[in-house]
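Asker: Handing you a structure now.
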Amino acid sequence: MSSTSGPLPVIDVSALVGPGTPGERAVAARRIEAACLDSGFFYISGHGVPPELTTRLEDAARRFFRLPVEHKMRISMERGGKAWRGYFPVGAELTSGRPDLKEGVYFGAENDPDDPRPLHGPNLFPGEVPDLRATVLAYLDAMSGVAQGVLRGVALSLGLEDDYFSSGYTASPTMLFRIFHYPPASPSDDEWGVGEHTDYGLLTLLLQDDNAGLQVHTSRGWIEAPPISGTLVCNIGDMLDRLTGGHYRSTPHRVRNLTGRSRLSFPFFFDPGWDCEVPPLPSRPLRDGGRPRWDGQDLRAFTGTYGDYLMGKVGKVFPRLRADVLD
């Protein structure tokens, strides 16, 4: 399927993540609403993440991925156990049952090693890149504040109090962070860094390096979402789709790196608390129609907690690891 160039809107969220007047926040909320209704994807500026932090993060990530594979495997996901943290090599992660052309490292909030919940526990960091630990943890802290701010705008866009998420679903959020390295794909092969999918939770904030590759499915077809300096890409996930009864749709997206260079991306997932149930808002009618989901799932049919939903999803992404570690 062919793709075209966007553009996706760039929204200044400085009034949402920092001091802002009610009027300034209302303007940002209206722009977020328009973007969520159109495609569920937009760029954010004014997020306040220090550029020196993102520079350090990218530099440390490049040094890690240059390591020999046997060194990277010292922090393999198998060593992370039920916490589901660590490194995976190219082809080990699946999308719709098909191996992705990428390698990566999974991180999350630094939890107690005795936390009994899956996907909770300590992170694994490489001894060969000692500054990666402090840099990742600082980035997680910064991005948590940005995500709460953007969700403040989402709440206002839905006619809710601005602390609707921070005092409820994300009072104790599920935070997951990935660093992905995409080797160059061959234009002659049908290879995808990540195949078509939607994200699982509420909100994803994506930092990209200077190389394009992200594509988003909109009413206009597949469009490119190239990197824009100083911005983050924001998209909504399945739980916000479910919460709004389909008023805001989680949007399929995919990655194919045809730049001829290595590509890095840094997706940060900010999701409901593990034990939260996410029923549709009673004030929002369920919406029918629209493009069928890439996986054929009806989000309205799901019952249970966000942790239940997430485990069902990630078990398909790493089926062998699920069998070895959890089952």
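By convention in this document, the chains of the structure tokens carry letters A, B, ... by their order, each chain's residues are numbered from 1, and ligands are numbered from 1 in the order they are shown.
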Based on DSSP run over this structure's backbone, return all residues of range 86-239 of chain A in strand (DSSP E or B), as an MDAnalysis selection string.

Answerer: chainID A and resid 86:88 94:95 98:99 103:108 174:182 194:197 203:208 214:218 221:224 232:236

Asker: Could you list, as a list in words, every residue within 10 Å of Gly230 in chain A, counting only C-alpha atoms and ignoring same-chain residues fewer than 4 positions away?

Answerer: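 Here the answer would be Tyr43, Ile44, Ser45, Gly46, His47, Gly48, Val49, Pro50, Pro51, Thr54, Leu207 and Gln208 of chain A.
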
Asker: Please write the residues from the selection above to a file, keeping N, CA, C and O atoms, as a tab-separated table (two decimals), in the first residue's frame.

Answerer:
chain	number	residue	atom	x	y	z
A	43	TYR	N	1.99	15.99	16.43
A	43	TYR	CA	3.27	16.33	17.03
A	43	TYR	C	3.00	17.30	18.19
A	43	TYR	O	2.04	18.07	18.15
A	44	ILE	N	3.87	17.27	19.20
A	44	ILE	CA	3.78	18.27	20.26
A	44	ILE	C	5.10	19.03	20.37
A	44	ILE	O	6.18	18.45	20.29
A	45	SER	N	4.97	20.32	20.51
A	45	SER	CA	6.11	21.20	20.81
A	45	SER	C	5.85	21.83	22.18
A	45	SER	O	4.78	21.67	22.76
A	46	GLY	N	6.84	22.53	22.70
A	46	GLY	CA	6.67	23.16	24.00
A	46	GLY	C	6.55	22.16	25.14
A	46	GLY	O	6.00	22.48	26.19
A	47	HIS	N	7.07	20.95	24.94
A	47	HIS	CA	6.92	19.89	25.95
A	47	HIS	C	7.89	20.04	27.12
A	47	HIS	O	7.68	19.44	28.18
A	48	GLY	N	8.96	20.78	26.94
A	48	GLY	CA	9.87	21.07	28.04
A	48	GLY	C	10.93	20.03	28.33
A	48	GLY	O	11.69	20.17	29.29
A	49	VAL	N	11.01	18.97	27.53
A	49	VAL	CA	12.07	17.98	27.74
A	49	VAL	C	13.38	18.59	27.27
A	49	VAL	O	13.49	19.02	26.12
A	50	PRO	N	14.40	18.65	28.14
A	50	PRO	CA	15.65	19.33	27.76
A	50	PRO	C	16.31	18.66	26.57
A	50	PRO	O	16.46	17.43	26.54
A	51	PRO	N	16.71	19.42	25.56
A	51	PRO	CA	17.36	18.82	24.39
A	51	PRO	C	18.64	18.09	24.74
A	51	PRO	O	19.00	17.11	24.09
A	54	THR	N	17.71	14.47	25.57
A	54	THR	CA	17.45	13.62	24.41
A	54	THR	C	18.73	13.33	23.63
A	54	THR	O	18.90	12.24	23.08
A	207	LEU	N	9.88	9.87	20.57
A	207	LEU	CA	11.05	10.62	20.12
A	207	LEU	C	11.66	9.87	18.96
A	207	LEU	O	11.87	8.66	19.03
A	208	GLN	N	11.94	10.57	17.85
A	208	GLN	CA	12.58	9.97	16.68
A	208	GLN	C	13.96	10.61	16.46
A	208	GLN	O	14.17	11.77	16.81

Asker: Per DSSP on the backbone, what are the helix (DSSP H, G or I) residues of range 140-193 of chain A, as a PyMOL selection string?

Answerer: chain A and resi 140-157

Asker: Store the residues picked out above, limited to N, CA and C atoms, as a PDB file, in the first residue's frame.

Answerer:
ATOM      1  N   LEU A 140      12.489   8.921  31.696  1.00  0.00           N
ATOM      2  CA  LEU A 140      11.198   8.430  32.163  1.00  0.00           C
ATOM      3  C   LEU A 140      10.511   9.452  33.062  1.00  0.00           C
ATOM      4  N   ASP A 141      11.275  10.058  33.945  1.00  0.00           N
ATOM      5  CA  ASP A 141      10.713  11.051  34.853  1.00  0.00           C
ATOM      6  C   ASP A 141      10.196  12.261  34.077  1.00  0.00           C
ATOM      7  N   ALA A 142      10.986  12.733  33.111  1.00  0.00           N
ATOM      8  CA  ALA A 142      10.572  13.884  32.317  1.00  0.00           C
ATOM      9  C   ALA A 142       9.328  13.573  31.488  1.00  0.00           C
ATOM     10  N   MET A 143       9.299  12.397  30.898  1.00  0.00           N
ATOM     11  CA  MET A 143       8.186  12.052  30.021  1.00  0.00           C
ATOM     12  C   MET A 143       6.894  11.809  30.792  1.00  0.00           C
ATOM     13  N   SER A 144       7.010  11.369  32.028  1.00  0.00           N
ATOM     14  CA  SER A 144       5.815  11.200  32.849  1.00  0.00           C
ATOM     15  C   SER A 144       5.100  12.528  33.025  1.00  0.00           C
ATOM     16  N   GLY A 145       5.854  13.582  33.281  1.00  0.00           N
ATOM     17  CA  GLY A 145       5.251  14.900  33.419  1.00  0.00           C
ATOM     18  C   GLY A 145       4.621  15.391  32.131  1.00  0.00           C
ATOM     19  N   VAL A 146       5.288  15.130  30.993  1.00  0.00           N
ATOM     20  CA  VAL A 146       4.724  15.539  29.699  1.00  0.00           C
ATOM     21  C   VAL A 146       3.408  14.791  29.436  1.00  0.00           C
ATOM     22  N   ALA A 147       3.408  13.490  29.700  1.00  0.00           N
ATOM     23  CA  ALA A 147       2.219  12.682  29.437  1.00  0.00           C
ATOM     24  C   ALA A 147       1.037  13.138  30.291  1.00  0.00           C
ATOM     25  N   GLN A 148       1.282  13.425  31.563  1.00  0.00           N
ATOM     26  CA  GLN A 148       0.191  13.920  32.410  1.00  0.00           C
ATOM     27  C   GLN A 148      -0.347  15.239  31.864  1.00  0.00           C
ATOM     28  N   GLY A 149       0.542  16.083  31.347  1.00  0.00           N
ATOM     29  CA  GLY A 149       0.100  17.352  30.775  1.00  0.00           C
ATOM     30  C   GLY A 149      -0.747  17.163  29.526  1.00  0.00           C
ATOM     31  N   VAL A 150      -0.310  16.283  28.627  1.00  0.00           N
ATOM     32  CA  VAL A 150      -1.088  16.040  27.413  1.00  0.00           C
ATOM     33  C   VAL A 150      -2.447  15.443  27.768  1.00  0.00           C
ATOM     34  N   LEU A 151      -2.471  14.528  28.735  1.00  0.00           N
ATOM     35  CA  LEU A 151      -3.756  13.957  29.156  1.00  0.00           C
ATOM     36  C   LEU A 151      -4.644  15.003  29.823  1.00  0.00           C
ATOM     37  N   ARG A 152      -4.043  16.031  30.400  1.00  0.00           N
ATOM     38  CA  ARG A 152      -4.841  17.152  30.909  1.00  0.00           C
ATOM     39  C   ARG A 152      -5.605  17.801  29.751  1.00  0.00           C
ATOM     40  N   GLY A 153      -4.920  17.956  28.629  1.00  0.00           N
ATOM     41  CA  GLY A 153      -5.583  18.509  27.446  1.00  0.00           C
ATOM     42  C   GLY A 153      -6.620  17.564  26.880  1.00  0.00           C
ATOM     43  N   VAL A 154      -6.337  16.253  26.890  1.00  0.00           N
ATOM     44  CA  VAL A 154      -7.309  15.270  26.416  1.00  0.00           C
ATOM     45  C   VAL A 154      -8.567  15.325  27.274  1.00  0.00           C
ATOM     46  N   ALA A 155      -8.390  15.407  28.606  1.00  0.00           N
ATOM     47  CA  ALA A 155      -9.546  15.479  29.501  1.00  0.00           C
ATOM     48  C   ALA A 155     -10.395  16.705  29.190  1.00  0.00           C
ATOM     49  N   LEU A 156      -9.744  17.851  29.041  1.00  0.00           N
ATOM     50  CA  LEU A 156     -10.491  19.070  28.729  1.00  0.00           C
ATOM     51  C   LEU A 156     -11.208  18.942  27.384  1.00  0.00           C
ATOM     52  N   SER A 157     -10.578  18.274  26.433  1.00  0.00           N
ATOM     53  CA  SER A 157     -11.192  18.120  25.118  1.00  0.00           C
ATOM     54  C   SER A 157     -12.451  17.263  25.171  1.00  0.00           C
TER      55      SER A 157
END

Asker: Counting only C-alpha atoms, what are the residues of range 238-318 of chain A within 6 Å of range 163-176 of chain A, and for each of them which pair of atoms is the nearest and at what distance in Å, to one decimal? Sort the table by chain and rising number, as a tab-separated table.

Answerer:
residue	atom	partner	partner_atom	distance
A:Phe269	CA	A:Leu176	CA	5.1
A:Phe270	CA	A:Met175	CA	5.0
A:Asp271	CA	A:Thr174	CA	5.0
A:Pro272	CA	A:Tyr169	CA	4.8
A:Gly273	CA	A:Pro173	CA	4.4

Asker: Find the residue from A:Arg66, A:Arg242, A:Arg31, A:Arg322 that sits nearest to Trp84 in chain A; use only C-alpha atoms when measuring.

Answerer: A:Arg322

Asker: As a PyMOL selection string, please: the residues near Gly307 in chain A (cut-off 7 Å, only C-alpha atoms, same-chain neighbours under 2 positions excluded).

Answerer: chain A and resi 274-275+305+309-311

Asker: Can you pull out the residues contacting Ala134 in chain A? Cut-off 12 Å, using only C-alpha atoms, and skip same-chain residues under 2 positions away; I want them as a list in words.

Answerer: Leu53, Arg56, Leu57, Ala60, Glu110, Asn123, Phe125, Pro126, Val129, Pro130, Asp131, Leu132, Val136, Leu137, Ala138, Tyr139, Leu140 and Asp141 of chain A

Asker: Output the selection as a short mmCIF file (atom, residue, chain, number, x, y, z; two decimals), in the first residue's frame - all heavy atoms for each residue.

Answerer:
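Okay, selection18.cif is ready:
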data_model
loop_
_atom_site.label_atom_id
_atom_site.label_comp_id
_atom_site.auth_asym_id
_atom_site.auth_seq_id
_atom_site.Cartn_x
_atom_site.Cartn_y
_atom_site.Cartn_z
N LEU A 53 19.08 16.26 27.28
CA LEU A 53 18.70 14.93 27.75
C LEU A 53 18.43 14.00 26.58
O LEU A 53 18.87 12.84 26.56
CB LEU A 53 17.47 15.02 28.65
CG LEU A 53 16.89 13.69 29.17
CD1 LEU A 53 17.93 12.90 29.94
CD2 LEU A 53 15.65 13.95 30.03
N ARG A 56 21.76 13.03 25.00
CA ARG A 56 22.45 12.01 25.78
C ARG A 56 21.81 10.64 25.57
O ARG A 56 22.51 9.63 25.46
CB ARG A 56 22.43 12.34 27.28
CG ARG A 56 23.26 13.52 27.69
CD ARG A 56 23.68 13.47 29.15
NE ARG A 56 22.61 13.08 30.06
CZ ARG A 56 21.76 13.93 30.64
NH1 ARG A 56 21.87 15.23 30.38
NH2 ARG A 56 20.84 13.51 31.48
N LEU A 57 20.49 10.62 25.51
CA LEU A 57 19.78 9.35 25.32
C LEU A 57 20.12 8.73 23.97
O LEU A 57 20.42 7.53 23.88
CB LEU A 57 18.27 9.60 25.43
CG LEU A 57 17.37 8.37 25.31
CD1 LEU A 57 17.59 7.42 26.48
CD2 LEU A 57 15.90 8.80 25.25
N ALA A 60 23.80 7.44 23.98
CA ALA A 60 23.98 6.20 24.74
C ALA A 60 23.35 5.02 24.00
O ALA A 60 23.89 3.91 23.99
CB ALA A 60 23.37 6.35 26.13
N GLU A 110 11.16 1.86 37.48
CA GLU A 110 12.06 1.04 38.31
C GLU A 110 11.30 0.56 39.54
O GLU A 110 11.10 1.31 40.50
CB GLU A 110 13.30 1.86 38.71
CG GLU A 110 14.40 1.07 39.37
CD GLU A 110 15.18 0.18 38.40
OE1 GLU A 110 14.93 0.24 37.18
OE2 GLU A 110 16.04 -0.57 38.87
N ASN A 123 14.84 -2.78 36.12
CA ASN A 123 15.34 -2.75 34.76
C ASN A 123 16.69 -3.46 34.66
O ASN A 123 17.38 -3.66 35.66
CB ASN A 123 15.49 -1.30 34.28
CG ASN A 123 14.15 -0.62 34.07
OD1 ASN A 123 13.40 -0.98 33.19
ND2 ASN A 123 13.86 0.38 34.89
N PHE A 125 20.34 -2.96 32.78
CA PHE A 125 21.15 -1.96 32.08
C PHE A 125 22.51 -2.54 31.73
O PHE A 125 23.08 -3.33 32.50
CB PHE A 125 21.33 -0.71 32.94
CG PHE A 125 20.07 0.07 33.17
CD1 PHE A 125 19.38 -0.04 34.37
CD2 PHE A 125 19.56 0.90 32.19
CE1 PHE A 125 18.21 0.68 34.58
CE2 PHE A 125 18.39 1.61 32.39
CZ PHE A 125 17.71 1.50 33.60
N PRO A 126 23.08 -2.16 30.58
CA PRO A 126 24.36 -2.73 30.15
C PRO A 126 25.54 -2.11 30.89
O PRO A 126 25.66 -0.89 30.98
CB PRO A 126 24.40 -2.40 28.66
CG PRO A 126 23.60 -1.12 28.55
CD PRO A 126 22.51 -1.23 29.58
N VAL A 129 27.73 0.40 28.81
CA VAL A 129 27.27 1.79 28.59
C VAL A 129 26.73 2.29 29.93
O VAL A 129 25.52 2.38 30.13
CB VAL A 129 26.20 1.87 27.48
CG1 VAL A 129 25.88 3.32 27.12
CG2 VAL A 129 26.63 1.11 26.24
N PRO A 130 27.61 2.61 30.86
CA PRO A 130 27.16 2.87 32.23
C PRO A 130 26.24 4.07 32.39
O PRO A 130 25.43 4.12 33.32
CB PRO A 130 28.48 3.08 32.99
CG PRO A 130 29.50 3.41 31.94
CD PRO A 130 29.07 2.68 30.72
N ASP A 131 26.34 5.06 31.49
CA ASP A 131 25.50 6.25 31.63
C ASP A 131 24.09 6.04 31.13
O ASP A 131 23.23 6.91 31.31
CB ASP A 131 26.14 7.45 30.92
CG ASP A 131 26.48 7.16 29.46
OD1 ASP A 131 26.88 6.01 29.17
OD2 ASP A 131 26.39 8.07 28.63
N LEU A 132 23.80 4.87 30.52
CA LEU A 132 22.45 4.64 30.00
C LEU A 132 21.43 4.59 31.14
O LEU A 132 20.30 5.06 30.99
CB LEU A 132 22.40 3.35 29.18
CG LEU A 132 21.09 3.07 28.44
CD1 LEU A 132 20.78 4.17 27.44
CD2 LEU A 132 21.14 1.72 27.74
N VAL A 136 18.20 7.00 31.05
CA VAL A 136 16.87 6.43 30.85
C VAL A 136 15.95 6.81 32.00
O VAL A 136 14.78 7.20 31.79
CB VAL A 136 16.95 4.89 30.71
CG1 VAL A 136 15.59 4.24 30.90
CG2 VAL A 136 17.51 4.52 29.35
N LEU A 137 16.42 6.71 33.24
CA LEU A 137 15.56 7.03 34.38
C LEU A 137 15.18 8.51 34.40
O LEU A 137 14.04 8.86 34.74
CB LEU A 137 16.24 6.60 35.68
CG LEU A 137 16.45 5.09 35.83
CD1 LEU A 137 17.14 4.78 37.17
CD2 LEU A 137 15.14 4.32 35.71
N ALA A 138 16.12 9.38 34.02
CA ALA A 138 15.80 10.81 33.94
C ALA A 138 14.78 11.07 32.84
O ALA A 138 13.88 11.90 32.99
CB ALA A 138 17.08 11.62 33.70
N TYR A 139 14.91 10.35 31.73
CA TYR A 139 13.97 10.53 30.62
C TYR A 139 12.58 10.05 31.01
O TYR A 139 11.57 10.71 30.70
CB TYR A 139 14.48 9.77 29.39
CG TYR A 139 13.70 10.06 28.13
CD1 TYR A 139 13.84 11.26 27.46
CD2 TYR A 139 12.81 9.12 27.62
CE1 TYR A 139 13.12 11.54 26.31
CE2 TYR A 139 12.08 9.39 26.46
CZ TYR A 139 12.24 10.59 25.81
OH TYR A 139 11.53 10.86 24.68
N LEU A 140 12.49 8.92 31.70
CA LEU A 140 11.20 8.43 32.16
C LEU A 140 10.51 9.45 33.06
O LEU A 140 9.31 9.69 32.95
CB LEU A 140 11.38 7.11 32.92
CG LEU A 140 11.64 5.86 32.09
CD1 LEU A 140 12.04 4.70 32.99
CD2 LEU A 140 10.42 5.48 31.28
N ASP A 141 11.27 10.06 33.94
CA ASP A 141 10.71 11.05 34.85
C ASP A 141 10.20 12.26 34.08
O ASP A 141 9.09 12.75 34.33
CB ASP A 141 11.78 11.47 35.87
CG ASP A 141 11.23 12.41 36.93
OD1 ASP A 141 10.29 12.03 37.64
OD2 ASP A 141 11.74 13.54 37.04
#

Asker: Looking at A:Ile75, A:Ile228, A:Ala61, A:Leu124, which one is nearest to Phe266 in chain A, with distances taken over only C-alpha atoms?

Answerer: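 Looking only at the distances to Phe266 in chain A, the closest residue turns out to be A:Ala61.
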
Asker: If you take only C-alpha atoms and a cut-off of 9 Å, which residues of range 189-280 of chain A touch range 90-101 of chain A, and what are their nearest atom pairs and distances in Å to one decimal, in chain and number order, as JSON lines?

Answerer:
{"residue": "A:Glu191", "atom": "CA", "partner": "A:Leu101", "partner_atom": "CA", "distance": 6.7}
{"residue": "A:Trp192", "atom": "CA", "partner": "A:Leu101", "partner_atom": "CA", "distance": 5.8}
{"residue": "A:Gly193", "atom": "CA", "partner": "A:Leu101", "partner_atom": "CA", "distance": 4.2}
{"residue": "A:Val194", "atom": "CA", "partner": "A:Asp100", "partner_atom": "CA", "distance": 5.2}
{"residue": "A:Gly195", "atom": "CA", "partner": "A:Thr95", "partner_atom": "CA", "distance": 5.7}
{"residue": "A:Glu196", "atom": "CA", "partner": "A:Thr95", "partner_atom": "CA", "distance": 7.4}
{"residue": "A:His197", "atom": "CA", "partner": "A:Thr95", "partner_atom": "CA", "distance": 7.3}
{"residue": "A:Arg256", "atom": "CA", "partner": "A:Leu101", "partner_atom": "CA", "distance": 8.6}

Asker: For the selection you just gave me, I'd like the residues written to a file as a short mmCIF file (atom, residue, chain, number, x, y, z; two decimals), in the first residue's frame, keeping C-alpha atoms.

Answerer:
data_model
loop_
_atom_site.label_atom_id
_atom_site.label_comp_id
_atom_site.auth_asym_id
_atom_site.auth_seq_id
_atom_site.Cartn_x
_atom_site.Cartn_y
_atom_site.Cartn_z
CA GLU A 191 10.22 -6.04 5.15
CA TRP A 192 8.71 -3.93 7.92
CA GLY A 193 10.48 -2.61 10.99
CA VAL A 194 7.08 -2.86 12.66
CA GLY A 195 3.98 -4.06 10.89
CA GLU A 196 0.58 -2.41 11.13
CA HIS A 197 -0.64 -2.14 14.73
CA ARG A 256 9.66 0.87 7.34
#

Asker: Quote the spacing between CA of Pro183 in chain A and CA of Glu78 in chain A in Å to one decimal place.

Answerer: 22.9 Å

Asker: May I ask which of the residues A:Asp189, A:Pro279, A:Leu240, A:Leu119 is the closest one to Gly304 in chain A, counting only C-alpha atoms?

Answerer: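 Going through A:Asp189, A:Pro279, A:Leu240, A:Leu119 one by one, the smallest distance to Gly304 in chain A is for A:Pro279.
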
Asker: How many Å lie between CA of Glu70 in chain A and CA of Tyr87 in chain A, rounded to one decimal?

Answerer: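 Going from CA of Glu70 in chain A over to CA of Tyr87 in chain A covers 11.0 Å.
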
Asker: Would you please work out which residue, of A:Gly81, A:Gly40, A:Gly213, A:Gly108, is nearest to Leu258 in chain A when using only C-alpha atoms?

Answerer: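 Of A:Gly81, A:Gly40, A:Gly213, A:Gly108, the one nearest Leu258 in chain A, counting only C-alpha atoms, is A:Gly213.
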
Asker: Find the distance between CA of Arg85 in chain A and CA of Gly121 in chain A and write it in Å to one decimal.

Answerer: 8.3 Å

Asker: Quick one: residues within 8 Å of Pro227 in chain A, only C-alpha atoms counted, chain neighbours fewer than 3 positions away excluded, as a ChimeraX atom specification?

Answerer: /A:208-212,231
